[in-house]
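Listing of structure_17.txt; format and content: compact mmCIF, C-alpha atoms.
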# COMPACT_ATOMS: atom_id res chain seq x y z
CA MET A 219 18.76 -23.30 11.25
CA GLY A 220 15.85 -22.86 13.66
CA TYR A 221 13.33 -25.61 14.33
CA VAL A 222 9.55 -25.44 14.04
CA ASN A 223 7.30 -27.36 16.44
CA VAL A 224 4.31 -25.12 15.76
CA THR A 225 2.57 -26.23 12.56
CA GLU A 226 -0.21 -23.65 12.62
CA PHE A 227 -1.05 -20.30 14.20
CA ILE A 228 -4.30 -18.91 15.56
CA LEU A 229 -5.16 -15.36 14.51
CA LEU A 230 -6.95 -13.65 17.40
CA GLY A 231 -8.32 -11.04 15.02
CA LEU A 232 -9.77 -7.62 15.74
CA PHE A 233 -12.79 -8.33 17.95
CA HIS A 234 -14.02 -10.85 20.51
CA ASN A 235 -17.71 -9.92 20.62
CA GLU A 236 -19.69 -12.24 18.34
CA ASP A 237 -22.27 -9.61 17.32
CA VAL A 238 -19.50 -7.15 16.42
CA LYS A 239 -17.76 -9.87 14.39
CA ALA A 240 -20.91 -10.57 12.35
CA MET A 241 -21.52 -6.90 11.68
CA CYS A 242 -17.90 -6.18 10.77
CA SER A 243 -17.68 -9.21 8.46
CA VAL A 244 -20.44 -7.70 6.31
CA LEU A 245 -18.85 -4.24 6.51
CA PHE A 246 -15.40 -5.52 5.51
CA LEU A 247 -16.90 -7.60 2.70
CA PHE A 248 -18.53 -4.52 1.18
CA CYS A 249 -15.29 -2.55 1.69
CA TYR A 250 -13.28 -5.28 -0.05
CA LEU A 251 -15.68 -5.42 -2.99
CA ALA A 252 -15.55 -1.61 -3.23
CA ILE A 253 -11.73 -1.74 -3.20
CA LEU A 254 -11.71 -4.30 -6.01
CA CYS A 255 -14.26 -2.42 -8.11
CA GLY A 256 -12.83 1.06 -7.55
CA ASN A 257 -9.20 0.18 -8.21
CA LEU A 258 -9.97 -2.08 -11.17
CA VAL A 259 -12.08 0.69 -12.73
CA VAL A 260 -9.13 3.09 -12.37
CA LEU A 261 -6.71 0.48 -13.75
CA LEU A 262 -8.89 -0.45 -16.75
CA THR A 263 -9.75 3.19 -17.47
CA ILE A 264 -6.08 4.15 -17.67
CA ARG A 265 -5.11 1.08 -19.71
CA GLY A 266 -8.05 1.57 -22.07
CA SER A 267 -7.45 5.26 -22.75
CA GLN A 268 -4.69 7.62 -23.82
CA LEU A 269 -3.95 8.37 -20.16
CA SER A 270 -1.63 5.36 -20.13
CA GLU A 271 0.79 7.38 -22.28
CA HIS A 272 1.21 9.90 -19.46
CA PRO A 273 3.78 8.84 -16.81
CA MET A 274 1.65 9.91 -13.83
CA TYR A 275 -1.31 7.76 -14.90
CA PHE A 276 1.03 4.96 -15.94
CA PHE A 277 2.26 4.81 -12.34
CA LEU A 278 -1.26 5.29 -10.99
CA SER A 279 -2.39 2.16 -12.82
CA TYR A 280 0.33 0.17 -11.03
CA LEU A 281 -0.61 1.80 -7.72
CA SER A 282 -4.21 0.62 -8.21
CA LEU A 283 -2.96 -2.87 -9.05
CA MET A 284 -0.86 -2.93 -5.87
CA ASP A 285 -3.87 -1.78 -3.84
CA VAL A 286 -5.89 -4.73 -5.14
CA CYS A 287 -3.07 -7.23 -4.50
CA PHE A 288 -2.13 -5.79 -1.10
CA THR A 289 -5.67 -5.87 0.25
CA SER A 290 -6.30 -9.31 -1.25
CA THR A 291 -3.50 -10.80 0.87
CA VAL A 292 -5.31 -9.76 4.05
CA ALA A 293 -9.03 -9.05 3.52
CA PRO A 294 -10.36 -12.48 2.36
CA LYS A 295 -8.83 -14.27 5.36
CA LEU A 296 -10.06 -11.54 7.72
CA ILE A 297 -13.63 -11.75 6.36
CA ILE A 298 -13.71 -15.57 6.49
CA ASP A 299 -12.37 -15.59 10.06
CA LEU A 300 -15.09 -13.16 11.15
CA LEU A 301 -17.84 -15.13 9.37
CA VAL A 302 -17.04 -18.76 10.19
CA GLN A 303 -14.62 -18.25 13.08
CA CYS A 304 -11.92 -20.36 11.45
CA ASN A 305 -8.92 -18.44 12.76
CA ALA A 306 -6.26 -21.06 12.09
CA ILE A 307 -3.54 -20.51 9.50
CA SER A 308 -0.77 -22.96 8.69
CA TYR A 309 2.88 -22.10 9.26
CA SER A 310 3.59 -22.01 5.51
CA GLY A 311 0.38 -20.03 4.88
CA CYS A 312 1.46 -17.51 7.50
CA ILE A 313 4.88 -17.11 5.89
CA ILE A 314 3.32 -16.67 2.44
CA GLN A 315 0.84 -14.10 3.75
CA MET A 316 3.57 -12.10 5.48
CA PHE A 317 5.79 -12.15 2.39
CA SER A 318 2.92 -11.12 0.11
CA ALA A 319 1.76 -8.31 2.39
CA HIS A 320 5.25 -6.85 2.72
CA PHE A 321 5.99 -7.33 -0.98
CA PHE A 322 2.87 -5.55 -2.27
CA GLY A 323 2.97 -2.95 0.50
CA ALA A 324 6.63 -2.12 -0.15
CA THR A 325 6.02 -1.98 -3.91
CA GLU A 326 3.24 0.52 -3.25
CA ILE A 327 5.60 2.63 -1.13
CA PHE A 328 8.24 2.69 -3.86
CA ILE A 329 5.63 3.57 -6.51
CA LEU A 330 4.45 6.47 -4.35
CA VAL A 331 8.07 7.67 -4.24
CA VAL A 332 8.32 7.35 -8.02
CA MET A 333 5.08 9.31 -8.44
CA ALA A 334 6.47 12.06 -6.21
CA TYR A 335 9.58 12.20 -8.41
CA ASP A 336 7.38 12.37 -11.50
CA CYS A 337 5.43 15.25 -9.94
CA TYR A 338 8.69 17.04 -9.07
CA VAL A 339 10.07 16.75 -12.60
CA ALA A 340 6.75 17.84 -14.15
CA ILE A 341 6.54 21.01 -12.05
CA CYS A 342 10.14 21.96 -11.28
CA ARG A 343 11.80 20.85 -14.53
CA PRO A 344 9.00 20.95 -17.13
CA LEU A 345 11.31 21.47 -20.13
CA TYR A 346 13.07 18.17 -19.41
CA TYR A 347 9.95 16.25 -18.42
CA MET A 348 9.35 14.20 -21.58
CA ILE A 349 13.04 13.35 -21.84
CA THR A 350 13.46 12.45 -18.18
CA MET A 351 10.21 10.50 -17.82
CA ASN A 352 10.13 8.61 -21.13
CA ARG A 353 8.43 5.21 -21.30
CA ALA A 354 11.66 3.22 -20.91
CA VAL A 355 12.51 5.12 -17.72
CA CYS A 356 8.97 4.52 -16.39
CA TYR A 357 9.30 0.77 -16.88
CA VAL A 358 12.73 0.75 -15.25
CA LEU A 359 11.37 2.62 -12.22
CA VAL A 360 8.52 0.11 -11.82
CA ILE A 361 10.92 -2.84 -12.14
CA VAL A 362 13.30 -1.31 -9.59
CA SER A 363 10.34 -0.80 -7.24
CA VAL A 364 9.38 -4.46 -7.57
CA ILE A 365 12.97 -5.66 -7.01
CA GLY A 366 13.36 -3.39 -3.98
CA ALA A 367 10.10 -4.69 -2.50
CA PHE A 368 11.16 -8.30 -3.13
CA MET A 369 14.46 -7.77 -1.30
CA HIS A 370 12.66 -6.05 1.58
CA SER A 371 10.20 -8.95 1.93
CA LEU A 372 12.92 -11.56 1.60
CA VAL A 373 14.79 -10.07 4.58
CA HIS A 374 11.68 -10.48 6.74
CA ILE A 375 11.13 -14.05 5.60
CA LEU A 376 14.76 -15.00 6.32
CA ILE A 377 14.38 -13.55 9.81
CA VAL A 378 11.24 -15.55 10.59
CA ILE A 379 12.12 -18.96 9.11
CA ARG A 380 15.24 -19.15 11.27
CA LEU A 381 13.23 -18.66 14.47
CA PRO A 382 12.03 -21.56 16.67
CA PHE A 383 8.31 -21.59 17.49
CA CYS A 384 7.85 -24.14 20.22
CA GLY A 385 5.15 -22.83 22.54
CA ALA A 386 2.27 -20.40 22.16
CA ASN A 387 0.76 -20.12 18.69
CA GLU A 388 -1.80 -17.34 19.14
CA ILE A 389 -1.03 -14.27 17.00
CA ASP A 390 -2.58 -11.12 18.44
CA HIS A 391 -3.42 -9.72 15.01
CA TYR A 392 -5.74 -10.33 12.07
CA PHE A 393 -2.92 -11.29 9.69
CA CYS A 394 0.62 -12.60 9.93
CA ASP A 395 3.12 -9.81 10.43
CA ILE A 396 6.69 -9.64 11.62
CA PHE A 397 6.25 -8.12 15.10
CA PRO A 398 3.47 -10.48 16.31
CA LEU A 399 5.56 -13.45 15.12
CA LEU A 400 8.66 -12.19 16.91
CA LYS A 401 6.61 -12.14 20.12
CA LEU A 402 5.90 -15.88 19.79
CA ALA A 403 9.45 -17.01 19.03
CA CYS A 404 11.25 -19.15 21.60
CA ALA A 405 14.40 -17.06 21.31
CA ASP A 406 15.85 -13.69 22.18
CA THR A 407 14.54 -11.42 19.43
CA ARG A 408 15.76 -8.03 20.67
CA LEU A 409 18.41 -7.74 17.97
CA LEU A 410 15.92 -8.85 15.31
CA ILE A 411 13.46 -6.20 16.47
CA ILE A 412 16.16 -3.57 15.98
CA ILE A 413 16.83 -4.92 12.48
CA VAL A 414 13.11 -4.80 11.58
CA ILE A 415 12.75 -1.28 12.96
CA THR A 416 15.79 -0.25 10.92
CA THR A 417 14.72 -1.91 7.66
CA THR A 418 11.02 -1.04 7.84
CA GLY A 419 10.38 1.66 10.41
CA LEU A 420 13.40 3.88 9.77
CA LEU A 421 13.08 3.40 6.02
CA SER A 422 9.42 4.48 6.23
CA ILE A 423 10.32 7.58 8.25
CA LEU A 424 13.16 8.61 5.93
CA THR A 425 10.99 8.02 2.86
CA PHE A 426 8.11 9.99 4.38
CA VAL A 427 10.40 12.90 5.35
CA ALA A 428 11.95 12.93 1.86
CA LEU A 429 8.48 13.01 0.29
CA VAL A 430 7.38 15.86 2.56
CA ILE A 431 10.50 17.87 1.66
CA SER A 432 9.95 17.22 -2.05
CA TYR A 433 6.36 18.46 -1.81
CA ILE A 434 7.47 21.56 0.08
CA ILE A 435 9.80 22.29 -2.85
CA ILE A 436 6.99 21.59 -5.32
CA LEU A 437 4.50 23.83 -3.50
CA SER A 438 7.04 26.63 -3.21
CA THR A 439 7.63 26.37 -6.96
CA LEU A 440 3.89 26.50 -7.60
CA ARG A 441 3.63 29.85 -5.81
CA MET A 442 5.59 31.44 -8.65
CA ARG A 443 3.20 30.13 -11.32
CA SER A 444 0.07 31.77 -12.72
CA SER A 445 -3.15 31.03 -10.84
CA LYS A 446 -4.37 28.78 -13.67
CA GLY A 447 -1.12 26.81 -13.80
CA HIS A 448 -1.06 26.71 -10.00
CA GLN A 449 -4.55 25.19 -9.82
CA LYS A 450 -3.85 22.62 -12.53
CA ALA A 451 -0.60 21.47 -10.93
CA LEU A 452 -2.18 21.38 -7.48
CA SER A 453 -5.09 19.28 -8.77
CA THR A 454 -2.51 16.85 -10.15
CA CYS A 455 -0.25 16.60 -7.09
CA GLY A 456 -2.83 17.32 -4.39
CA PRO A 457 -4.35 13.80 -4.41
CA HIS A 458 -0.90 12.27 -4.28
CA ILE A 459 0.04 14.32 -1.21
CA THR A 460 -3.16 13.16 0.50
CA VAL A 461 -2.45 9.49 -0.25
CA VAL A 462 1.15 9.79 0.97
CA PHE A 463 0.04 11.11 4.36
CA MET A 464 -2.80 8.56 4.68
CA PHE A 465 -0.54 5.63 3.80
CA PHE A 466 2.74 6.51 5.51
CA LEU A 467 1.58 7.80 8.91
CA PRO A 468 -0.08 4.50 9.99
CA ILE A 469 2.97 2.54 8.75
CA VAL A 470 5.33 4.75 10.77
CA PHE A 471 3.21 4.30 13.91
CA THR A 472 3.09 0.52 13.33
CA TYR A 473 6.75 -0.21 12.61
CA VAL A 474 8.39 2.34 14.90
CA PRO A 475 7.38 1.13 18.38
CA MET A 476 7.34 3.66 21.17
CA GLY A 477 8.84 2.66 24.51
CA ASP A 478 10.35 -0.68 25.45
CA SER A 479 7.69 -2.97 24.05
CA ILE A 480 6.15 -3.62 20.69
CA ARG A 481 2.70 -2.06 20.52
CA ASP A 482 -0.39 -3.79 19.20
CA ASP A 483 -1.31 -1.47 16.34
CA LYS A 484 -4.05 -3.48 14.66
CA VAL A 485 -6.07 -0.32 14.07
CA PHE A 486 -3.20 1.34 12.23
CA ALA A 487 -2.70 -1.83 10.17
CA LEU A 488 -6.41 -1.85 9.29
CA PHE A 489 -6.02 1.72 8.09
CA TYR A 490 -3.28 1.01 5.51
CA THR A 491 -4.59 -2.41 4.46
CA MET A 492 -8.26 -1.49 4.01
CA VAL A 493 -9.06 2.21 4.42
CA VAL A 494 -6.38 3.72 2.17
CA PRO A 495 -6.98 1.30 -0.76
CA LEU A 496 -10.70 2.06 -0.41
CA PHE A 497 -10.24 5.82 -0.72
CA ASN A 498 -7.43 5.88 -3.30
CA PRO A 499 -9.75 5.60 -6.35
CA LEU A 500 -11.96 8.39 -4.98
CA ILE A 501 -9.02 10.66 -4.18
CA TYR A 502 -7.54 10.28 -7.66
CA THR A 503 -10.81 10.66 -9.59
CA LEU A 504 -13.17 13.06 -7.79
CA ARG A 505 -11.29 16.27 -8.67
CA ASN A 506 -9.36 14.94 -11.65
CA THR A 507 -10.95 16.12 -14.88
CA ASP A 508 -8.71 13.94 -17.07
CA MET A 509 -9.70 10.79 -15.19
CA LYS A 510 -13.41 11.63 -15.23
CA ASN A 511 -13.33 12.33 -18.98
CA ALA A 512 -11.42 9.11 -19.64
CA MET A 513 -13.90 7.11 -17.57
CA ARG A 514 -16.81 8.53 -19.56
CA LYS A 515 -15.12 7.67 -22.87
CA VAL A 516 -14.00 4.17 -21.88
CA TRP A 517 -17.11 2.98 -20.06
CA CYS A 518 -19.72 4.83 -22.11
CA GLN A 519 -18.18 3.53 -25.34
CA GLU A 520 -18.31 -0.01 -23.99
CA GLN A 521 -21.97 0.39 -23.07
CA LEU A 522 -22.77 1.79 -26.52
CA PHE A 523 -20.87 -1.08 -28.12
CA GLU A 524 -22.80 -3.64 -26.05
CA GLY A 525 -26.06 -1.87 -26.96
CA LYS A 526 -25.31 -2.25 -30.63
Conversion result in structure tokens:
Amino acid sequence: MGYVNVTEFILLGLFHNEDVKAMCSVLFLFCYLAILCGNLVVLLTIRGSQLSEHPMYFFLSYLSLMDVCFTSTVAPKLIIDLLVQCNAISYSGCIIQMFSAHFFGATEIFILVVMAYDCYVAICRPLYYMITMNRAVCYVLVIVSVIGAFMHSLVHILIVIRLPFCGANEIDHYFCDIFPLLKLACADTRLLIIIVITTTGLLSILTFVALVISYIIILSTLRMRSSKGHQKALSTCGPHITVVFMFFLPIVFTYVPMGDSIRDDKVFALFYTMVVPLFNPLIYTLRNTDMKNAMRKVWCQEQLFEGK
């Protein structure tokens, strides 16, 4: 087993200018509150309406939950560090944050894959849709996603806890992640970097390529439909395609380093930890008539009930 002399790490964060820190702390606080409100509204709307009976919205509710959990592992610490300049995080806190971020992030990836499969079955095999995507299958797919994410996160934790940290403790990031920690280890981590790139980077690329191919098949199938059916199917799968590209591209650039060194991709990390969860509720509701109708019924009924 490795030994640990470092008991805490210092997160260097995103910015060094004090005025920029103060301004961004307020900005990120509003973004975090918007992420919580937007995704919880989507989650409660689906759970409080008949949309929960439809597989696509069933998975969307879990995607919104993962967005809330994923961002909550990173954003509160980031905002506090910017406000009060308390950048220290304990060794155990760092390990927990890294595990949580990878667990919720990986679960979100697997749910996006499941949603792509649901979209494929709905459009390419509509006669078998209700049989293939029954409620039991939906629960199994969510459970498998969670188990897969847990195994993925566990691999990263087992890599880190066996490493000795005996010198520098400054993490050039705004949260604890695998690559910045590997930089600080007092050991040769070249083989471990290859393992991380294989388990995270290559997996992200293969998953992204598979999703792109599946959507090419879906879009080619849509061309043979009537214009009305084409528009309805595209309004259903279009938001999902947008989210897949917004979520996967920054992850690929983060976990597949170019060249001989590991790049500092804090901007890409900010994109998939804050920006994508912020826009997900808008992407899935703005052009979705079913969601907008359900929101009116759920929230308007509650207001009428409170008025009475």
With all atoms listed in the file as the basis for distance, which of A:Ile459, A:Ile327, A:Ile412, A:Leu232 is at the shortest distance from Tyr502 (chain A)?
->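 Smallest distance to Tyr502 (chain A) is found for A:Ile459.
With CA of Cys242 (chain A) on one side and CA of Glu388 (chain A) on the other, the separation reads 21.3 Å.
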Record the distance separating CA of Phe276 (chain A) and CA of Ile329 (chain A), expressed in Å with one decimal.
->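 So the answer is 10.6 Å.
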Write out as a list in words which residues come within 12 Å of Ile314 (chain A) when counting all atoms listed in the file, dropping same-chain ones fewer than 2 positions away.
->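 Skipping anything fewer than 2 positions along the chain leaves Thr291, Val292, Ile307, Ser308, Tyr309, Ser310, Gly311, Cys312, Met316, Phe317, Ser318, Ala319, His320, Phe321, Ser371, Leu372, His374, Ile375, Val378, Ile379, Phe393, Cys394 and Asp395 of chain A.
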Of the candidates A:Cys337, A:Met464, A:Val224, A:Ile361, which one gets nearest to Tyr280 (chain A) if we count only C-alpha atoms?
->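 Closest candidate: A:Ile361.
Between CA of Ser363 (chain A) and CA of Val260 (chain A) the interatomic distance comes to 20.5 Å.
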Neighbours of region 426-433 of chain A within 8 Å (all atoms listed in the file; same-chain residues fewer than 3 positions away dropped), as a PyMOL selection string?
-> chain A and resi 331+334+338+422-423+436-437+459+462+466
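Residue nearest Leu359 (chain A) within the list A:Cys384, A:Met284, A:Pro273, A:Ile298: A:Pro273 [criterion: smallest interatomic distance, all atoms listed in the file].
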Selected residue of minimal separation from Ile469 (chain A) among A:Leu381, A:Ile415, A:Leu245, A:Leu376, counting only C-alpha atoms |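 Closest residue, counting only C-alpha atoms: A:Ile415.
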Point (9.4, -14.2, 15.3), cut-off 9 Å, counting only C-alpha atoms, residues as a PyMOL selection string = chain A and resi 377-383+396-405+407+410
Identify which of the residues A:Tyr473, A:Tyr275, A:Tyr250, A:Phe227 lies closest to Ala512 (chain A), counting only C-alpha atoms when measuring atom-to-atom distances.
->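 Once distances to Ala512 (chain A) are computed over only C-alpha atoms, the minimum belongs to A:Tyr275.
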Please define a box with edges along x, y and z of the file around all atoms of region 412-423 of chain A given in the file, extend it by 4 Å on each side, and return its centre and edge lengths in Å to one decimal, as AutoDock Vina command-line options.
--center_x 13.1 --center_y 1.3 --center_z 11.0 --size_x 15.4 --size_y 20.5 --size_z 18.0
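If all atoms listed in the file are the atoms counted, then among A:Tyr346, A:Phe288, A:Phe368, A:Trp517 the closest residue to Val259 (chain A) is A:Trp517.
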May I have the residues at most 12 Å from (-10.4, -0.5, -19.6) in the file's coordinates, counting only C-alpha atoms, as an NGL selection string?
-> :A and (257-270 or 279 or 512-520)
Determine, counting all atoms listed in the file, which protein, DNA and RNA residues have an atom within 7 Å of an atom of Val286 (chain A); residues of the same chain fewer than 3 positions away are not included. Present the result as JSON, numbers by chain.
-> {"A": [253, 254, 257, 282, 283, 289, 290]}
